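Here is entry25.cif, consisting of mmCIF, C-alpha atoms and all ligand atoms:
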```
data_start
#
loop_
_atom_site.group_PDB
_atom_site.id
_atom_site.type_symbol
_atom_site.label_atom_id
_atom_site.label_comp_id
_atom_site.auth_asym_id
_atom_site.auth_seq_id
_atom_site.Cartn_x
_atom_site.Cartn_y
_atom_site.Cartn_z
ATOM 1 C CA MET A 1 0.000 0.000 0.000
ATOM 2 C CA LEU A 2 2.837 2.325 0.933
ATOM 3 C CA ARG A 3 4.426 1.685 -2.385
ATOM 4 C CA ARG A 4 1.209 2.533 -4.218
ATOM 5 C CA PHE A 5 1.010 5.862 -2.427
ATOM 6 C CA ALA A 6 4.648 6.512 -3.181
ATOM 7 C CA VAL A 7 3.777 6.109 -6.829
ATOM 8 C CA PHE A 8 0.541 8.060 -6.928
ATOM 9 C CA LEU A 9 1.465 11.024 -4.790
ATOM 10 C CA PRO A 10 3.936 12.507 -7.248
ATOM 11 C CA PHE A 11 1.436 11.770 -10.009
ATOM 12 C CA ALA A 12 -0.995 14.177 -8.440
ATOM 13 C CA CYS A 13 1.754 16.796 -8.138
ATOM 14 C CA ALA A 14 3.735 16.458 -11.333
ATOM 15 C CA ALA A 15 3.061 14.062 -14.183
ATOM 16 C CA ALA A 16 6.682 14.027 -15.286
ATOM 17 C CA ALA A 17 7.952 12.997 -11.869
ATOM 18 C CA ALA A 18 5.351 10.244 -11.713
ATOM 19 C CA ALA A 19 6.284 9.000 -15.185
ATOM 20 C CA ALA A 20 9.910 8.749 -14.139
ATOM 21 C CA GLN A 21 8.886 6.819 -11.051
ATOM 22 C CA TRP A 22 6.747 4.377 -13.025
ATOM 23 C CA VAL A 23 9.525 3.727 -15.477
ATOM 24 C CA GLU A 24 11.718 2.906 -12.523
ATOM 25 C CA GLU A 25 9.025 0.507 -11.264
ATOM 26 C CA VAL A 26 8.287 -1.173 -14.603
ATOM 27 C CA PRO A 27 11.198 -0.576 -16.944
ATOM 28 C CA PHE A 28 10.897 -0.662 -20.724
ATOM 29 C CA ILE A 29 11.975 -4.173 -21.717
ATOM 30 C CA THR A 30 10.614 -5.536 -24.962
ATOM 31 C CA THR A 31 8.919 -8.884 -25.320
ATOM 32 C CA PRO A 32 10.963 -10.812 -27.930
ATOM 33 C CA ASP A 33 9.126 -11.357 -31.221
ATOM 34 C CA HIS A 34 8.710 -15.127 -30.827
ATOM 35 C CA VAL A 35 7.330 -14.609 -27.290
ATOM 36 C CA THR A 36 4.923 -11.954 -28.641
ATOM 37 C CA LEU A 37 3.687 -14.539 -31.160
ATOM 38 C CA GLY A 38 3.459 -17.145 -28.398
ATOM 39 C CA MET A 39 1.301 -14.782 -26.291
ATOM 40 C CA LEU A 40 -1.047 -14.006 -29.186
ATOM 41 C CA GLU A 41 -1.332 -17.656 -30.198
ATOM 42 C CA LEU A 42 -2.003 -18.711 -26.593
ATOM 43 C CA ALA A 43 -4.890 -16.218 -26.495
ATOM 44 C CA GLY A 44 -6.121 -17.373 -29.926
ATOM 45 C CA VAL A 45 -6.231 -13.748 -31.145
ATOM 46 C CA GLY A 46 -8.230 -13.225 -34.347
ATOM 47 C CA PRO A 47 -9.875 -10.543 -36.500
ATOM 48 C CA ARG A 48 -12.813 -10.125 -34.101
ATOM 49 C CA ASP A 49 -10.586 -9.257 -31.170
ATOM 50 C CA HIS A 50 -9.793 -5.899 -29.663
ATOM 51 C CA LEU A 51 -6.525 -6.189 -27.759
ATOM 52 C CA ILE A 52 -5.306 -3.738 -25.118
ATOM 53 C CA ASP A 53 -1.635 -3.869 -24.129
ATOM 54 C CA LEU A 54 -1.061 -2.279 -20.721
ATOM 55 C CA GLY A 55 2.359 -0.627 -20.794
ATOM 56 C CA SER A 56 2.787 -1.021 -24.533
ATOM 57 C CA GLY A 57 6.444 0.019 -24.881
ATOM 58 C CA ASP A 58 7.307 0.343 -28.577
ATOM 59 C CA GLY A 59 3.896 -1.061 -29.577
ATOM 60 C CA ARG A 60 5.045 -4.444 -30.826
ATOM 61 C CA ILE A 61 2.310 -6.591 -29.233
ATOM 62 C CA VAL A 62 -0.556 -4.431 -30.530
ATOM 63 C CA ILE A 63 1.041 -4.076 -33.984
ATOM 64 C CA THR A 64 1.715 -7.817 -34.298
ATOM 65 C CA ALA A 65 -1.869 -8.599 -33.222
ATOM 66 C CA ALA A 66 -3.138 -6.348 -36.037
ATOM 67 C CA ARG A 67 -0.609 -7.333 -38.714
ATOM 68 C CA ARG A 68 -0.487 -11.106 -38.154
ATOM 69 C CA PHE A 69 -3.929 -11.829 -36.702
ATOM 70 C CA GLY A 70 -6.162 -9.031 -38.055
ATOM 71 C CA ALA A 71 -7.156 -7.720 -34.611
ATOM 72 C CA SER A 72 -7.752 -4.103 -33.655
ATOM 73 C CA GLY A 73 -5.920 -2.774 -30.650
ATOM 74 C CA LEU A 74 -4.916 -0.085 -28.216
ATOM 75 C CA GLY A 75 -1.572 0.396 -26.506
ATOM 76 C CA VAL A 76 -1.314 2.571 -23.396
ATOM 77 C CA GLU A 77 2.095 3.719 -22.329
ATOM 78 C CA ILE A 78 3.314 6.266 -19.778
ATOM 79 C CA VAL A 79 6.406 7.377 -21.748
ATOM 80 C CA PRO A 80 5.367 9.795 -24.534
ATOM 81 C CA GLU A 81 8.438 9.061 -26.660
ATOM 82 C CA LEU A 82 7.513 5.360 -26.777
ATOM 83 C CA VAL A 83 3.988 6.279 -27.841
ATOM 84 C CA GLN A 84 5.391 8.363 -30.724
ATOM 85 C CA ARG A 85 7.625 5.440 -31.698
ATOM 86 C CA SER A 86 4.669 3.024 -31.583
ATOM 87 C CA ARG A 87 2.614 5.239 -33.899
ATOM 88 C CA ALA A 88 5.513 5.394 -36.370
ATOM 89 C CA HIS A 89 5.877 1.587 -36.223
ATOM 90 C CA ALA A 90 2.154 1.171 -36.840
ATOM 91 C CA GLN A 91 2.398 3.389 -39.935
ATOM 92 C CA GLN A 92 5.368 1.387 -41.224
ATOM 93 C CA ALA A 93 3.514 -1.891 -40.605
ATOM 94 C CA GLY A 94 0.423 -0.605 -42.465
ATOM 95 C CA VAL A 95 -1.933 -1.099 -39.495
ATOM 96 C CA ALA A 96 -2.354 2.522 -38.327
ATOM 97 C CA ASP A 97 -6.064 2.377 -39.201
ATOM 98 C CA ARG A 98 -6.679 -0.504 -36.781
ATOM 99 C CA VAL A 99 -4.507 0.413 -33.806
ATOM 100 C CA ALA A 100 -4.158 3.395 -31.487
ATOM 101 C CA PHE A 101 -1.553 4.379 -28.928
ATOM 102 C CA ARG A 102 -2.164 6.711 -26.017
ATOM 103 C CA THR A 103 0.084 8.305 -23.437
ATOM 104 C CA GLU A 104 -1.794 7.185 -20.355
ATOM 105 C CA ASP A 105 -1.377 5.679 -16.915
ATOM 106 C CA LEU A 106 -2.535 2.095 -17.322
ATOM 107 C CA PHE A 107 -4.456 2.321 -14.033
ATOM 108 C CA GLN A 108 -6.708 4.894 -15.698
ATOM 109 C CA THR A 109 -7.402 2.886 -18.861
ATOM 110 C CA ASP A 110 -10.972 1.900 -19.682
ATOM 111 C CA LEU A 111 -10.689 -1.837 -20.376
ATOM 112 C CA SER A 112 -14.345 -2.456 -21.215
ATOM 113 C CA ARG A 113 -13.792 -2.813 -24.992
ATOM 114 C CA ALA A 114 -11.020 -5.389 -24.612
ATOM 115 C CA THR A 115 -11.536 -8.996 -25.626
ATOM 116 C CA VAL A 116 -7.835 -9.601 -24.928
ATOM 117 C CA VAL A 117 -5.595 -7.802 -22.412
ATOM 118 C CA THR A 118 -1.827 -8.287 -22.589
ATOM 119 C CA MET A 119 0.747 -7.277 -19.969
ATOM 120 C CA TYR A 120 4.467 -7.420 -19.347
ATOM 121 C CA LEU A 121 4.602 -5.620 -16.025
ATOM 122 C CA LEU A 122 5.542 -6.740 -12.516
ATOM 123 C CA PRO A 123 3.877 -9.117 -10.019
ATOM 124 C CA GLU A 124 2.656 -6.371 -7.680
ATOM 125 C CA ILE A 125 1.257 -4.288 -10.555
ATOM 126 C CA ASN A 126 -0.537 -7.390 -11.863
ATOM 127 C CA LEU A 127 -2.070 -7.902 -8.427
ATOM 128 C CA GLN A 128 -3.224 -4.287 -8.259
ATOM 129 C CA LEU A 129 -4.881 -4.745 -11.659
ATOM 130 C CA ARG A 130 -6.491 -8.071 -10.722
ATOM 131 C CA PRO A 131 -9.870 -6.797 -9.413
ATOM 132 C CA ARG A 132 -10.369 -4.816 -12.609
ATOM 133 C CA LEU A 133 -9.405 -7.802 -14.767
ATOM 134 C CA LEU A 134 -11.794 -10.086 -12.873
ATOM 135 C CA ALA A 135 -14.616 -7.594 -13.493
ATOM 136 C CA LEU A 136 -14.215 -7.759 -17.292
ATOM 137 C CA ALA A 137 -16.743 -9.543 -19.490
ATOM 138 C CA PRO A 138 -16.679 -13.315 -18.913
ATOM 139 C CA GLY A 139 -14.438 -14.981 -21.462
ATOM 140 C CA THR A 140 -12.095 -11.998 -21.880
ATOM 141 C CA ARG A 141 -8.577 -13.407 -22.274
ATOM 142 C CA ILE A 142 -5.677 -12.046 -20.260
ATOM 143 C CA VAL A 143 -2.122 -12.901 -21.186
ATOM 144 C CA SER A 144 0.845 -11.972 -19.042
ATOM 145 C CA HIS A 145 4.492 -12.328 -19.943
ATOM 146 C CA ASP A 146 6.426 -13.904 -17.057
ATOM 147 C CA TRP A 147 4.342 -12.695 -14.103
ATOM 148 C CA ASP A 148 1.247 -14.354 -12.734
ATOM 149 C CA LEU A 149 -1.835 -13.091 -10.895
ATOM 150 C CA GLY A 150 -1.132 -14.598 -7.475
ATOM 151 C CA ASP A 151 -3.608 -17.262 -6.406
ATOM 152 C CA TRP A 152 -5.796 -16.704 -9.511
ATOM 153 C CA ARG A 153 -4.147 -19.592 -11.322
ATOM 154 C CA PRO A 154 -3.795 -19.380 -15.108
ATOM 155 C CA ASP A 155 -5.836 -21.628 -17.391
ATOM 156 C CA ARG A 156 -2.704 -22.339 -19.400
ATOM 157 C CA THR A 157 1.007 -21.568 -19.234
ATOM 158 C CA ALA A 158 3.561 -21.973 -22.005
ATOM 159 C CA THR A 159 7.334 -21.791 -21.617
ATOM 160 C CA LEU A 160 9.501 -20.438 -24.409
ATOM 161 C CA PRO A 161 13.303 -20.388 -24.643
ATOM 162 C CA VAL A 162 14.893 -16.912 -24.673
ATOM 163 C CA PRO A 163 18.675 -17.538 -24.843
ATOM 164 C CA ASP A 164 19.618 -13.842 -24.694
ATOM 165 C CA LYS A 165 17.161 -12.884 -21.936
ATOM 166 C CA ALA A 166 18.518 -9.884 -20.048
ATOM 167 C CA VAL A 167 16.507 -10.326 -16.828
ATOM 168 C CA GLY A 168 16.458 -13.309 -14.489
ATOM 169 C CA ARG A 169 18.715 -16.325 -14.338
ATOM 170 C CA GLU A 170 16.472 -18.637 -16.364
ATOM 171 C CA LYS A 171 16.897 -18.122 -20.087
ATOM 172 C CA LEU A 172 13.216 -18.590 -20.780
ATOM 173 C CA SER A 173 9.910 -16.738 -20.730
ATOM 174 C CA ARG A 174 6.625 -17.955 -19.319
ATOM 175 C CA VAL A 175 3.387 -16.768 -20.842
ATOM 176 C CA HIS A 176 0.195 -17.238 -18.851
ATOM 177 C CA LEU A 177 -3.401 -17.215 -20.089
ATOM 178 C CA TRP A 178 -6.548 -16.594 -18.021
ATOM 179 C CA ARG A 179 -10.151 -16.501 -19.222
ATOM 180 C CA VAL A 180 -12.230 -14.220 -17.023
ATOM 181 C CA PRO A 181 -14.774 -16.459 -15.270
ATOM 182 C CA ALA A 182 -18.397 -15.354 -14.958
ATOM 183 C CA PRO A 183 -19.209 -13.962 -11.493
ATOM 184 C CA VAL A 184 -21.487 -16.703 -10.170
ATOM 185 C CA ASP A 185 -20.800 -16.741 -6.433
ATOM 186 C CA GLY A 186 -23.932 -16.529 -4.264
ATOM 187 C CA LEU A 187 -27.561 -17.569 -4.142
ATOM 188 C CA TRP A 188 -29.600 -17.860 -7.343
ATOM 189 C CA CYS A 189 -33.335 -18.540 -7.568
ATOM 190 C CA ALA A 190 -35.662 -19.961 -10.213
ATOM 191 C CA GLY A 191 -38.910 -19.380 -8.370
ATOM 192 C CA PRO A 192 -38.634 -21.401 -5.160
ATOM 193 C CA VAL A 193 -35.726 -23.536 -6.445
ATOM 194 C CA ALA A 194 -32.429 -22.394 -4.898
ATOM 195 C CA LEU A 195 -29.027 -22.743 -6.557
ATOM 196 C CA ARG A 196 -26.147 -21.955 -4.193
ATOM 197 C CA ILE A 197 -22.710 -21.450 -5.718
ATOM 198 C CA ALA A 198 -19.376 -21.003 -3.965
ATOM 199 C CA GLN A 199 -16.848 -19.670 -6.474
ATOM 200 C CA ARG A 200 -13.089 -19.378 -6.296
ATOM 201 C CA PHE A 201 -11.922 -17.879 -9.586
ATOM 202 C CA GLN A 202 -12.547 -20.585 -12.264
ATOM 203 C CA HIS A 203 -13.610 -23.261 -9.760
ATOM 204 C CA TYR A 204 -17.113 -23.597 -8.347
ATOM 205 C CA ARG A 205 -19.178 -25.824 -6.064
ATOM 206 C CA ALA A 206 -22.909 -25.829 -6.680
ATOM 207 C CA GLN A 207 -25.926 -27.108 -4.817
ATOM 208 C CA ILE A 208 -29.544 -27.143 -5.955
ATOM 209 C CA GLU A 209 -32.164 -27.268 -3.222
ATOM 210 C CA GLY A 210 -35.371 -28.253 -4.974
ATOM 211 C CA PRO A 211 -37.629 -31.250 -5.497
ATOM 212 C CA VAL A 212 -34.569 -33.092 -6.933
ATOM 213 C CA PRO A 213 -31.461 -31.939 -5.048
ATOM 214 C CA HIS A 214 -28.063 -31.829 -6.798
ATOM 215 C CA ARG A 215 -24.562 -31.186 -5.537
ATOM 216 C CA TRP A 216 -21.551 -30.933 -7.877
ATOM 217 C CA GLU A 217 -18.435 -28.972 -8.658
ATOM 218 C CA GLY A 218 -16.646 -27.942 -11.813
ATOM 219 C CA ARG A 219 -14.706 -25.410 -13.762
ATOM 220 C CA ILE A 220 -15.991 -22.156 -15.230
ATOM 221 C CA HIS A 221 -15.044 -21.519 -18.864
ATOM 222 C CA GLY A 222 -15.805 -17.842 -19.402
ATOM 223 C CA ALA A 223 -19.619 -17.656 -19.384
ATOM 224 C CA GLN A 224 -20.094 -21.455 -19.442
ATOM 225 C CA LEU A 225 -20.404 -23.801 -16.456
ATOM 226 C CA PRO A 226 -20.436 -27.173 -18.206
ATOM 227 C CA PRO A 227 -21.653 -30.182 -16.198
ATOM 228 C CA PRO A 228 -18.951 -32.500 -14.830
ATOM 229 C CA VAL A 229 -17.974 -35.373 -17.096
ATOM 230 C CA GLY A 230 -19.094 -38.755 -15.747
ATOM 231 C CA GLY A 231 -21.208 -39.437 -12.676
ATOM 232 C CA PRO A 232 -24.910 -38.692 -12.382
ATOM 233 C CA PRO A 233 -26.389 -36.100 -14.785
ATOM 234 C CA ARG A 234 -25.959 -32.510 -13.534
ATOM 235 C CA PRO A 235 -27.176 -29.268 -15.054
ATOM 236 C CA GLY A 236 -24.955 -27.306 -17.427
ATOM 237 C CA LEU A 237 -25.288 -23.546 -16.885
ATOM 238 C CA ARG A 238 -24.604 -20.451 -18.944
ATOM 239 C CA TRP A 239 -24.179 -16.947 -17.483
ATOM 240 C CA ARG A 240 -25.719 -14.193 -19.562
ATOM 241 C CA GLU A 241 -26.014 -10.618 -18.344
ATOM 242 C CA GLY A 242 -26.457 -11.556 -14.728
ATOM 243 C CA VAL A 243 -28.771 -14.527 -15.326
ATOM 244 C CA LEU A 244 -27.810 -18.215 -15.098
ATOM 245 C CA GLU A 245 -29.635 -20.212 -17.760
ATOM 246 C CA VAL A 246 -29.837 -23.975 -17.723
ATOM 247 C CA ALA A 247 -28.148 -24.909 -21.012
ATOM 248 C CA GLN A 248 -28.248 -28.637 -20.293
ATOM 249 C CA GLY A 249 -31.024 -30.057 -18.153
ATOM 250 C CA ALA A 250 -30.851 -32.641 -15.379
ATOM 251 C CA PRO A 251 -33.548 -34.435 -13.360
ATOM 252 C CA GLY A 252 -35.796 -31.750 -11.836
ATOM 253 C CA VAL A 253 -33.976 -28.898 -13.658
ATOM 254 C CA ALA A 254 -35.526 -28.169 -17.051
ATOM 255 C CA PRO A 255 -33.368 -26.817 -19.880
ATOM 256 C CA GLY A 256 -34.093 -23.130 -20.428
ATOM 257 C CA SER A 257 -34.837 -22.472 -16.717
ATOM 258 C CA ARG A 258 -33.428 -19.137 -15.587
ATOM 259 C CA PHE A 259 -31.879 -18.447 -12.198
ATOM 260 C CA THR A 260 -31.549 -14.825 -11.089
ATOM 261 C CA GLN A 261 -29.224 -13.659 -8.341
ATOM 262 C CA ALA A 262 -31.057 -13.334 -5.028
ATOM 263 C CA GLU A 263 -30.847 -10.218 -2.892
ATOM 264 C CA ALA A 264 -32.367 -12.055 0.097
ATOM 265 C CA ALA A 265 -30.871 -14.975 2.055
ATOM 266 C CA ALA A 266 -33.449 -17.434 0.678
ATOM 267 C CA CYS A 267 -35.547 -17.934 -2.454
ATOM 268 C CA PRO A 268 -39.276 -17.143 -2.248
ATOM 269 C CA ALA A 269 -41.357 -20.020 -0.914
ATOM 270 C CA GLY A 270 -43.249 -21.900 -3.653
HETATM 271 C C1 LIG B 301 8.346 -4.405 -19.596
HETATM 272 S S1 LIG B 301 7.797 -3.094 -20.671
HETATM 273 C C2 LIG B 301 6.739 -3.996 -21.778
HETATM 274 C C3 LIG B 301 6.555 -3.321 -23.128
HETATM 275 C C4 LIG B 301 5.663 -4.097 -24.094
HETATM 276 N N1 LIG B 301 4.351 -4.378 -23.535
HETATM 277 C C5 LIG B 301 6.301 -5.400 -24.493
HETATM 278 O O1 LIG B 301 5.902 -6.457 -23.932
HETATM 279 O O2 LIG B 301 7.226 -5.372 -25.333
HETATM 280 C C6 LIG B 301 6.628 -2.257 -19.585
HETATM 281 C C7 LIG B 301 6.175 -0.925 -20.130
HETATM 282 O O3 LIG B 301 5.194 -0.410 -19.241
HETATM 283 C C8 LIG B 301 5.344 1.002 -19.190
HETATM 284 N N2 LIG B 301 4.688 1.483 -17.972
HETATM 285 C C9 LIG B 301 5.126 1.396 -16.708
HETATM 286 N N3 LIG B 301 4.230 1.920 -15.856
HETATM 287 C C10 LIG B 301 3.175 2.340 -16.598
HETATM 288 C C11 LIG B 301 1.934 2.968 -16.288
HETATM 289 N N4 LIG B 301 1.578 3.264 -15.050
HETATM 290 N N5 LIG B 301 1.096 3.251 -17.299
HETATM 291 C C12 LIG B 301 1.433 2.961 -18.590
HETATM 292 N N6 LIG B 301 2.602 2.383 -18.933
HETATM 293 C C13 LIG B 301 3.469 2.075 -17.955
HETATM 294 C C14 LIG B 301 6.844 1.201 -19.212
HETATM 295 O O4 LIG B 301 7.203 2.519 -19.610
HETATM 296 C C15 LIG B 301 7.276 0.123 -20.220
HETATM 297 O O5 LIG B 301 7.332 0.624 -21.529
#
```
Translate the structure of the given file into structure tokens.
Amino acid sequence: MLRRFAVFLPFACAAAAAAAQWVEEVPFITTPDHVTLGMLELAGVGPRDHLIDLGSGDGRIVITAARRFGASGLGVEIVPELVQRSRAHAQQAGVADRVAFRTEDLFQTDLSRATVVTMYLLPEINLQLRPRLLALAPGTRIVSHDWDLGDWRPDRTATLPVPDKAVGREKLSRVHLWRVPAPVDGLWCAGPVALRIAQRFQHYRAQIEGPVPHRWEGRIHGAQLPPPVGGPPRPGLRWREGVLEVAQGAPGVAPGSRFTQAEAAACPAG
């Protein structure tokens, strides 16, 4: 917390001093080209994606996403000279119509348009960003070079050799992928039928208290809560704009049923 204040206080006073301090905190180190490709491939970036790179350096991740994968993108970077360089690179690469670069503090960036967020920052900055990343639309992909998101475990990790890596003793880079899980923790009601879910990032335990009770656990894939494979039939659920729909029925739980999040401690009596 102290460190955060140490960073923000000068920001309020003098932008230039704050910029210098941020650079000290997260220096400009480029992601090597093959690692950039590895990150974009891990996220499955395509023409329908809008990628935001937080701390975009010379713009290479955003430009590669546009040039190689047809995505649109935004790079936000605190050092104005790097933003100028990124715009020049985008012109040279012929993707200036699909990408934008802004001089901006990444903590101020509106992430709502992103379908993919990329980062090569530091562990503590990643952790500060985590609540905002978890609040993004379910299914949004987050890819981080080297650093993780604490106890929010990645869905996938790939390791790539980097023989001339300047930082760290290991001559390799790790790239981590997360898919934002739907926020399903709590009590949900379909009339008098109660669905209680305890969520920990992508993992959930569910219990239906109705005429046919069910208890199961599984993994959240973006907006989907597929039923567990094997064992007795359990409902498959899909989160959509704050409603949990039964995508796959089970005894006593009809497909198409809709559970809404309960404000009260119990569902209305039938
Ligand atoms: C390790 S470099 C990564 C550059 C690029 N994303 C890449 O992977 O090649 C981190 C970048 O974040 C920038 N940065 C640091 N703090 C920032 C902040 N608060 N807002 C925006 N950019 C920041 C640094 O200036 C630096 O260019």
Using only C-alpha atoms and all ligand atoms, which protein or nucleic acid residues are at most 8 Å from ligand LIG 301 (chain B), as a tab-separated table (two decimals) with C-alpha atoms, in the frame of the given file?
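Written file, result-v1.tsv:
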```tsv
chain	number	residue	atom	x	y	z
A	19	ALA	CA	6.28	9.00	-15.18
A	22	TRP	CA	6.75	4.38	-13.02
A	23	VAL	CA	9.52	3.73	-15.48
A	24	GLU	CA	11.72	2.91	-12.52
A	25	GLU	CA	9.02	0.51	-11.26
A	26	VAL	CA	8.29	-1.17	-14.60
A	27	PRO	CA	11.20	-0.58	-16.94
A	28	PHE	CA	10.90	-0.66	-20.72
A	29	ILE	CA	11.98	-4.17	-21.72
A	30	THR	CA	10.61	-5.54	-24.96
A	31	THR	CA	8.92	-8.88	-25.32
A	32	PRO	CA	10.96	-10.81	-27.93
A	36	THR	CA	4.92	-11.95	-28.64
A	53	ASP	CA	-1.64	-3.87	-24.13
A	54	LEU	CA	-1.06	-2.28	-20.72
A	55	GLY	CA	2.36	-0.63	-20.79
A	56	SER	CA	2.79	-1.02	-24.53
A	57	GLY	CA	6.44	0.02	-24.88
A	58	ASP	CA	7.31	0.34	-28.58
A	59	GLY	CA	3.90	-1.06	-29.58
A	60	ARG	CA	5.04	-4.44	-30.83
A	61	ILE	CA	2.31	-6.59	-29.23
A	76	VAL	CA	-1.31	2.57	-23.40
A	77	GLU	CA	2.10	3.72	-22.33
A	78	ILE	CA	3.31	6.27	-19.78
A	79	VAL	CA	6.41	7.38	-21.75
A	82	LEU	CA	7.51	5.36	-26.78
A	103	THR	CA	0.08	8.30	-23.44
A	104	GLU	CA	-1.79	7.18	-20.36
A	105	ASP	CA	-1.38	5.68	-16.92
A	106	LEU	CA	-2.54	2.10	-17.32
A	107	PHE	CA	-4.46	2.32	-14.03
A	118	THR	CA	-1.83	-8.29	-22.59
A	119	MET	CA	0.75	-7.28	-19.97
A	120	TYR	CA	4.47	-7.42	-19.35
A	121	LEU	CA	4.60	-5.62	-16.02
A	122	LEU	CA	5.54	-6.74	-12.52
A	145	HIS	CA	4.49	-12.33	-19.94
```
Which residues fall under the PyMOL selection byres (((chain A and resi 243) around 10) and not hetatm) in this file, as a count of residues only?
16
Could you list the residues chosen by the PyMOL selection byres (((chain A and resi 212) around 9) and not hetatm) in this structure as a list in words?
Ile208, Glu209, Gly210, Pro211, Pro213, His214, Pro251, Gly252 and Val253 of chain A
Expand the PyMOL selection byres (((chain A and resi 179) around 6) and not hetatm) into the explicit residue set it covers here, and present it as a ChimeraX atom specification.
/A:139-141,178,180,222
Find the distance between CA of Glu170 (chain A) and CA of Ala65 (chain A) and write it in Å to one decimal.
26.9 Å
Interatomic distance between CA of Pro138 (chain A) and CA of Ala247 (chain A)?
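Taking CA of Pro138 (chain A) and CA of Ala247 (chain A), their separation equals 16.4 Å.
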Excluding Pro47 (chain A) and any residue of its chain fewer than 5 positions from it, enumerate the residues within 7 Å of it, using all atoms listed in the file, and give them as a compact mmCIF listing (two decimals) with C-alpha atoms, in the coordinates of the input.
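Result written to out.txt:
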```txt
# COMPACT_ATOMS: atom_id res chain seq x y z
CA PHE A 69 -3.93 -11.83 -36.70
CA GLY A 70 -6.16 -9.03 -38.06
CA ALA A 71 -7.16 -7.72 -34.61
```
Please provide as an MDAnalysis selection string all residues within 9 Å of Lys171 (chain A), with the sequence filter that same-chain residues fewer than 5 positions apart are discarded (counting only C-alpha atoms).
chainID A and resid 160:166
Output C-alpha atoms for every residue in that selection, as a compact mmCIF listing (two decimals), keeping the file's coordinate frame.
```txt
# COMPACT_ATOMS: atom_id res chain seq x y z
CA LEU A 160 9.50 -20.44 -24.41
CA PRO A 161 13.30 -20.39 -24.64
CA VAL A 162 14.89 -16.91 -24.67
CA PRO A 163 18.68 -17.54 -24.84
CA ASP A 164 19.62 -13.84 -24.69
CA LYS A 165 17.16 -12.88 -21.94
CA ALA A 166 18.52 -9.88 -20.05
```
Minimum-distance residue to Gly73 (chain A), chosen among A:Arg132, A:His203, A:His50, A:Arg85 (using only C-alpha atoms)
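Of A:Arg132, A:His203, A:His50, A:Arg85, the one nearest Gly73 (chain A), counting only C-alpha atoms, is A:His50.
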Polymer residues at most 9 Å from Ala158 (chain A), all atoms listed in the file, same-chain spacing of 5 or more positions, as a tab-separated table (two decimals) with C-alpha atoms, in the coordinates of the input:
```
chain	number	residue	atom	x	y	z
A	38	GLY	CA	3.46	-17.14	-28.40
A	39	MET	CA	1.30	-14.78	-26.29
A	42	LEU	CA	-2.00	-18.71	-26.59
A	173	SER	CA	9.91	-16.74	-20.73
A	174	ARG	CA	6.62	-17.95	-19.32
A	175	VAL	CA	3.39	-16.77	-20.84
A	176	HIS	CA	0.20	-17.24	-18.85
A	177	LEU	CA	-3.40	-17.22	-20.09
```
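The gap separating CA of Ala43 (chain A) from CA of Arg205 (chain A) is 26.7 Å, in Å to one decimal.
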If you count only C-alpha atoms, which residues fall within 10 Å of Asp151 (chain A), apart from same-chain ones fewer than 5 positions away, as a compact mmCIF listing (two decimals) with C-alpha atoms, in the coordinates of the input?
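Saved as result_16.txt:
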```txt
# COMPACT_ATOMS: atom_id res chain seq x y z
CA LEU A 127 -2.07 -7.90 -8.43
CA ARG A 200 -13.09 -19.38 -6.30
CA PHE A 201 -11.92 -17.88 -9.59
```
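Distances here use all atoms listed in the file; by that measure, the residue among A:Pro181, A:Pro123, A:Pro131, A:Pro255 closest to Ser144 (chain A) is A:Pro123.
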